[in-house]
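**Student:** What follows is query20.txt, compact mmCIF, C-alpha atoms.
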# COMPACT_ATOMS: atom_id res chain seq x y z
CA MET M 207 3.65 8.90 19.64
CA THR M 208 0.64 8.14 17.44
CA LYS M 209 -0.25 4.66 16.29
CA ALA M 210 -1.73 4.05 12.85
CA LYS M 211 -5.24 2.61 13.16
CA THR M 212 -5.87 2.23 9.42
CA VAL M 213 -3.22 1.24 6.91
CA CYS M 214 -3.55 1.36 3.16
CA VAL M 215 -1.61 -1.31 1.31
CA PHE M 216 -0.73 -0.76 -2.34
CA CYS M 217 0.23 -4.09 -3.94
CA GLY M 218 -0.10 -6.31 -6.96
CA ALA M 219 -3.29 -7.97 -8.15
CA SER M 220 -1.70 -10.74 -10.19
CA ASN M 221 -1.73 -14.37 -9.08
CA ASN M 222 0.96 -15.07 -11.67
CA VAL M 223 3.81 -14.17 -9.31
CA PRO M 224 6.14 -16.26 -7.13
CA LYS M 225 4.31 -17.68 -4.12
CA LYS M 226 6.68 -15.91 -1.71
CA PHE M 227 4.96 -12.59 -2.54
CA LEU M 228 1.52 -14.00 -1.76
CA ASP M 229 2.85 -15.58 1.45
CA ILE M 230 4.46 -12.37 2.74
CA GLY M 231 1.24 -10.49 1.95
CA ALA M 232 -0.76 -13.04 3.92
CA HIS M 233 1.67 -12.80 6.82
CA PHE M 234 1.26 -9.01 6.89
CA GLY M 235 -2.54 -9.35 6.85
CA LYS M 236 -2.31 -11.61 9.90
CA ILE M 237 -0.11 -9.06 11.70
CA LEU M 238 -2.58 -6.25 10.94
CA ALA M 239 -5.47 -8.27 12.35
CA GLU M 240 -3.54 -9.28 15.46
CA ARG M 241 -2.70 -5.64 16.16
CA ASP M 242 -6.24 -4.42 15.47
CA ILE M 243 -5.19 -2.28 12.50
CA THR M 244 -7.78 -1.86 9.76
CA LEU M 245 -6.63 -2.74 6.26
CA VAL M 246 -7.65 -0.37 3.48
CA TYR M 247 -6.88 -1.53 -0.03
CA GLY M 248 -8.11 -1.66 -3.62
CA GLY M 249 -10.84 -4.25 -2.99
CA GLY M 250 -9.67 -7.00 -5.36
CA ASP M 251 -9.76 -10.71 -4.67
CA CYS M 252 -6.53 -11.78 -6.36
CA GLY M 253 -2.77 -11.49 -6.09
CA VAL M 254 -1.03 -9.98 -3.11
CA MET M 255 -4.12 -7.77 -2.66
CA GLY M 256 -6.30 -10.82 -2.10
CA ALA M 257 -3.69 -12.52 0.09
CA VAL M 258 -3.42 -9.55 2.47
CA ALA M 259 -7.20 -9.13 2.65
CA ASN M 260 -7.94 -12.84 3.11
CA ALA M 261 -5.41 -13.23 5.91
CA THR M 262 -6.68 -10.11 7.66
CA MET M 263 -10.25 -11.41 7.48
CA LYS M 264 -9.24 -14.97 8.49
CA ASN M 265 -7.69 -13.52 11.64
CA LYS M 266 -10.82 -11.48 12.45
CA GLY M 267 -9.44 -8.14 11.29
CA HIS M 268 -11.40 -5.35 9.62
CA VAL M 269 -10.90 -4.84 5.88
CA THR M 270 -12.19 -1.96 3.77
CA GLY M 271 -11.92 -2.45 0.03
CA ILE M 272 -12.45 0.33 -2.48
CA PHE M 273 -13.17 -1.05 -5.92
CA PRO M 274 -13.88 0.85 -9.16
CA VAL M 275 -16.59 -0.55 -11.42
CA SER M 276 -14.32 0.14 -14.37
CA LEU M 277 -12.14 -2.81 -13.28
CA ARG M 278 -14.94 -5.38 -13.27
CA ASN M 279 -14.05 -6.70 -16.72
CA ILE M 280 -10.38 -7.09 -15.65
CA GLU M 281 -10.65 -8.43 -12.08
CA ASN M 282 -13.28 -9.10 -9.43
CA GLU M 283 -14.04 -7.26 -6.25
CA HIS M 284 -13.68 -9.31 -3.07
CA GLN M 285 -17.06 -10.67 -1.95
CA SER M 286 -16.33 -11.24 1.77
CA LEU M 287 -14.86 -8.04 3.14
CA SER M 288 -15.93 -6.19 6.26
CA GLU M 289 -16.76 -3.27 3.97
CA ILE M 290 -16.67 -2.82 0.20
CA ILE M 291 -17.05 0.61 -1.33
CA ILE M 292 -17.81 0.67 -5.04
CA VAL M 293 -16.65 3.77 -6.88
CA ASN M 294 -16.75 4.79 -10.53
CA THR M 295 -13.11 5.59 -11.32
CA MET M 296 -9.55 4.81 -10.33
CA HIS M 297 -9.20 8.42 -9.16
CA GLU M 298 -12.11 7.98 -6.76
CA ARG M 299 -10.54 4.73 -5.55
CA LYS M 300 -7.23 6.42 -4.76
CA MET M 301 -8.92 9.34 -3.02
CA GLY M 302 -11.08 6.95 -0.99
CA MET M 303 -8.04 4.96 0.11
CA PHE M 304 -6.21 8.18 0.98
CA GLU M 305 -9.09 9.59 3.04
CA ARG M 306 -9.53 6.39 5.08
CA SER M 307 -5.85 5.72 5.87
CA ASP M 308 -3.37 6.86 8.49
CA ALA M 309 -0.38 5.45 6.58
CA PHE M 310 0.57 3.75 3.31
CA VAL M 311 2.60 0.59 2.77
CA ILE M 312 3.83 -0.26 -0.71
CA PHE M 313 4.27 -3.99 -1.24
CA PRO M 314 5.70 -5.53 -4.41
CA GLY M 315 3.42 -4.89 -7.34
CA GLY M 316 3.22 -3.61 -10.88
CA PHE M 317 2.42 -0.41 -12.71
CA GLY M 318 -0.78 0.23 -10.73
CA THR M 319 1.14 -0.08 -7.46
CA MET M 320 3.74 2.38 -8.72
CA ASP M 321 1.00 4.76 -9.86
CA GLU M 322 -0.55 4.71 -6.39
CA MET M 323 2.82 5.13 -4.68
CA PHE M 324 3.95 8.03 -6.84
CA GLU M 325 0.64 9.83 -6.47
CA ILE M 326 0.73 9.56 -2.68
CA LEU M 327 4.39 10.68 -2.65
CA THR M 328 3.60 13.61 -4.96
CA TRP M 329 0.76 14.66 -2.65
CA LYS M 330 3.22 14.52 0.25
CA GLN M 331 5.74 16.60 -1.73
CA LEU M 332 2.98 19.16 -2.36
CA GLN M 333 2.26 19.17 1.40
CA LEU M 334 -1.26 17.81 0.96
CA HIS M 335 -0.62 15.28 3.73
CA ASP M 336 2.00 14.19 6.24
CA LYS M 337 1.11 10.50 6.55
CA PRO M 338 3.87 7.87 6.63
CA VAL M 339 4.73 6.21 3.30
CA ILE M 340 6.59 2.91 3.65
CA ILE M 341 8.17 1.08 0.73
CA PHE M 342 8.47 -2.60 1.62
CA ASN M 343 11.53 -3.65 -0.36
CA TYR M 344 10.92 -7.36 0.13
CA GLN M 345 13.96 -9.37 -0.99
CA GLY M 346 15.20 -6.38 -3.01
CA TYR M 347 12.12 -6.22 -5.24
CA TRP M 348 12.13 -2.39 -5.35
CA ASP M 349 15.95 -1.97 -5.62
CA PRO M 350 15.83 -0.66 -9.23
CA LEU M 351 13.02 1.78 -8.37
CA ILE M 352 14.81 3.01 -5.23
CA ALA M 353 17.95 3.58 -7.33
CA LEU M 354 15.88 5.55 -9.86
CA MET M 355 14.35 7.67 -7.09
CA LYS M 356 17.85 8.38 -5.73
CA ASN M 357 18.99 9.35 -9.23
CA ILE M 358 16.02 11.71 -9.66
CA ILE M 359 17.11 13.51 -6.48
CA GLU M 360 20.84 13.48 -7.33
CA VAL M 361 20.25 14.90 -10.83
CA GLY M 362 18.06 17.66 -9.37
CA PHE M 363 14.58 16.77 -10.60
CA ALA M 364 13.52 16.49 -6.95
CA LYS M 365 14.87 18.21 -3.86
CA PRO M 366 17.01 16.21 -1.40
CA VAL M 367 14.27 16.56 1.23
CA THR M 368 12.10 14.32 -0.98
CA ALA M 369 14.06 11.31 0.29
CA THR M 370 12.62 11.98 3.76
CA TYR M 371 9.04 11.58 2.51
CA TYR M 372 9.24 7.80 2.51
CA HIS M 373 10.81 4.97 4.49
CA VAL M 374 12.39 1.96 2.81
CA VAL M 375 12.22 -1.21 4.90
CA THR M 376 13.06 -4.84 4.25
CA GLU M 377 11.28 -6.60 7.14
CA LEU M 378 7.63 -6.65 8.24
CA GLU M 379 8.54 -5.66 11.80
CA GLU M 380 10.22 -2.51 10.43
CA ILE M 381 6.86 -1.59 8.89
CA MET M 382 5.24 -1.94 12.28
CA ASP M 383 7.93 0.25 13.87
CA VAL M 384 7.23 3.06 11.36
CA LEU M 385 3.48 2.67 11.92
CA ARG M 386 4.06 3.70 15.54
CA PHE M 387 4.66 7.30 14.45
Is it possible to give me this structure as structure tokens?
**Tutor:**
Amino acid sequence: MTKAKTVCVFCGASNNVPKKFLDIGAHFGKILAERDITLVYGGGDCGVMGAVANATMKNKGHVTGIFPVSLRNIENEHQSLSEIIIVNTMHERKMGMFERSDAFVIFPGGFGTMDEMFEILTWKQLQLHDKPVIIFNYQGYWDPLIALMKNIIEVGFAKPVTATYYHVVTELEEIMDVLRF
């Protein structure tokens, strides 16, 4: 059994969400630090992204942020990370996160989170990687998306095996169980 040493978290960058999402992100960051798992993420300082990173850092964990300069007029890169890598484009950001990660965890988020998730799942479908992809369906947040993904498979736009390319979990400890792959 292999244990993930670096985990990429795809999640929202908005502070304008219910506090429970920020709190669960912070709790996950603490767990990563306590288990000596490096966090790799998009490098922002706000929303669930910031909450996960701040809690990881507060608990003496290692955090690598990958931030595209093109976002600087929309959000800010985190100024206190273990490592910040500045890239030019969103594509470079996603490739950088992919290359530095053993696994991917999708927390509640918006369109950017879905973009990252679907790209990493498409790469898995194309057999470009075999890293675990975990959808954290916290309090049913992703229920409509999971139903859509099931429908895509049932209608035939994706093969049934596609459902094995990701794990859907509802508890943080389930994430940790999958990370012990």
**Student:** Please measure the separation of CA of Val361 (chain M) and CA of Val311 (chain M), giving the value in Å to one decimal.
**Tutor:** 26.5 Å
**Student:** Under the rule that all atoms listed in the file are counted, which of M:Phe317, M:Phe227, M:Tyr371, M:Phe310 is the nearest residue to Gln345 (chain M)?
**Tutor:**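 So, comparing all the options, the nearest one is M:Phe227.
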**Student:** Which of these, M:Ile291, M:Met296, M:Met263, M:Ala257, has the shortest distance to Lys226 (chain M) once you count only C-alpha atoms?
**Tutor:**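 Closest to Lys226 (chain M) of all the choices is M:Ala257.
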**Student:** Skipping near chain neighbours, those fewer than 3 positions away, what residues fall within 8 Å of region 285-288 of chain M using all atoms listed in the file, listed as number ranges by chain?
**Tutor:** M: 251, 259, 263, 268-271
**Student:** How many Å separate CA of Ala364 (chain M) from CA of Gln333 (chain M)?
**Tutor:** 14.3 Å
**Student:** Go ahead and compute the interatomic distance for CA of His233 (chain M) and CA of Leu277 (chain M), in Å to one decimal.
**Tutor:**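 Calculated distance between CA of His233 (chain M) and CA of Leu277 (chain M) is 26.4 Å.
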**Student:** Of the candidates M:Ala239, M:Val375, M:Ile358, M:Ile326, which shows the shortest atom-to-atom distance to Asn343 (chain M), using only C-alpha atoms?
**Tutor:** M:Val375
**Student:** Could you check the closest approach to Ile243 (chain M) for each of M:Ala309, M:Leu228, M:Ala219, M:Ile290 and tell me which residue wins, using all atoms listed in the file?
**Tutor:** M:Ala309
**Student:** Tell me which residues come within 6 Å of (-3.2, -11.8, 3.8), as number ranges by chain, counting all atoms listed in the file in the file's coordinates.
**Tutor:** M: 231-233, 235, 257-262
**Student:** Fewer than 2 positions away in the same chain doesn't count, so skip those; otherwise give me all residues within 12 Å of Asn294 (chain M), counting all atoms listed in the file, as a PDB file with C-alpha atoms, keeping the file's coordinate frame.
**Tutor:**
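Ended up saving to around_32.pdb:
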ATOM      1  CA  ILE M 272     -12.450   0.330  -2.480  1.00  0.00           C
ATOM      2  CA  PHE M 273     -13.170  -1.050  -5.920  1.00  0.00           C
ATOM      3  CA  PRO M 274     -13.880   0.850  -9.160  1.00  0.00           C
ATOM      4  CA  VAL M 275     -16.590  -0.550 -11.420  1.00  0.00           C
ATOM      5  CA  SER M 276     -14.320   0.140 -14.370  1.00  0.00           C
ATOM      6  CA  LEU M 277     -12.140  -2.810 -13.280  1.00  0.00           C
ATOM      7  CA  ARG M 278     -14.940  -5.380 -13.270  1.00  0.00           C
ATOM      8  CA  ILE M 291     -17.050   0.610  -1.330  1.00  0.00           C
ATOM      9  CA  ILE M 292     -17.810   0.670  -5.040  1.00  0.00           C
ATOM     10  CA  MET M 296      -9.550   4.810 -10.330  1.00  0.00           C
ATOM     11  CA  HIS M 297      -9.200   8.420  -9.160  1.00  0.00           C
ATOM     12  CA  GLU M 298     -12.110   7.980  -6.760  1.00  0.00           C
ATOM     13  CA  ARG M 299     -10.540   4.730  -5.550  1.00  0.00           C
ATOM     14  CA  LYS M 300      -7.230   6.420  -4.760  1.00  0.00           C
ATOM     15  CA  MET M 301      -8.920   9.340  -3.020  1.00  0.00           C
ATOM     16  CA  GLY M 302     -11.080   6.950  -0.990  1.00  0.00           C
TER      17      GLY M 302
END
**Student:** Of the candidates M:Gly267, M:Thr208, M:Gly256, M:Glu240, which one gets nearest to Asn282 (chain M) if we count all atoms listed in the file?
**Tutor:**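 Among M:Gly267, M:Thr208, M:Gly256, M:Glu240, it is M:Gly256 that comes nearest to Asn282 (chain M).
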**Student:** Please enclose the listed atoms of region 358-367 of chain M in an axis-aligned box, pad each side by 5 Å, and write out the centre and the three edge lengths in Å, rounded to one decimal, as JSON.
**Tutor:**
{"center_x": 17.2, "center_y": 15.0, "center_z": -4.8, "size_x": 17.3, "size_y": 16.5, "size_z": 22.1}
**Student:** Please return as a list in words every residue within 8 Å of (-6.9, -2.2, -1.0), taking into account only C-alpha atoms and the file's own coordinates.
**Tutor:**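 Residues found, by chain and rising number: Cys214, Val215, Phe216, Cys217, Leu245, Val246, Tyr247, Gly248, Gly249, Gly250, Met255, Ala259, Thr270, Gly271, Ile272 and Met303 of chain M.
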**Student:** For a quick check of understanding, using all atoms listed in the file, which of M:Glu377, M:Glu289, M:Glu281, M:Asp321 has the smallest distance to Tyr344 (chain M)?
**Tutor:**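 Nearest candidate to Tyr344 (chain M) out of M:Glu377, M:Glu289, M:Glu281, M:Asp321: M:Glu377.
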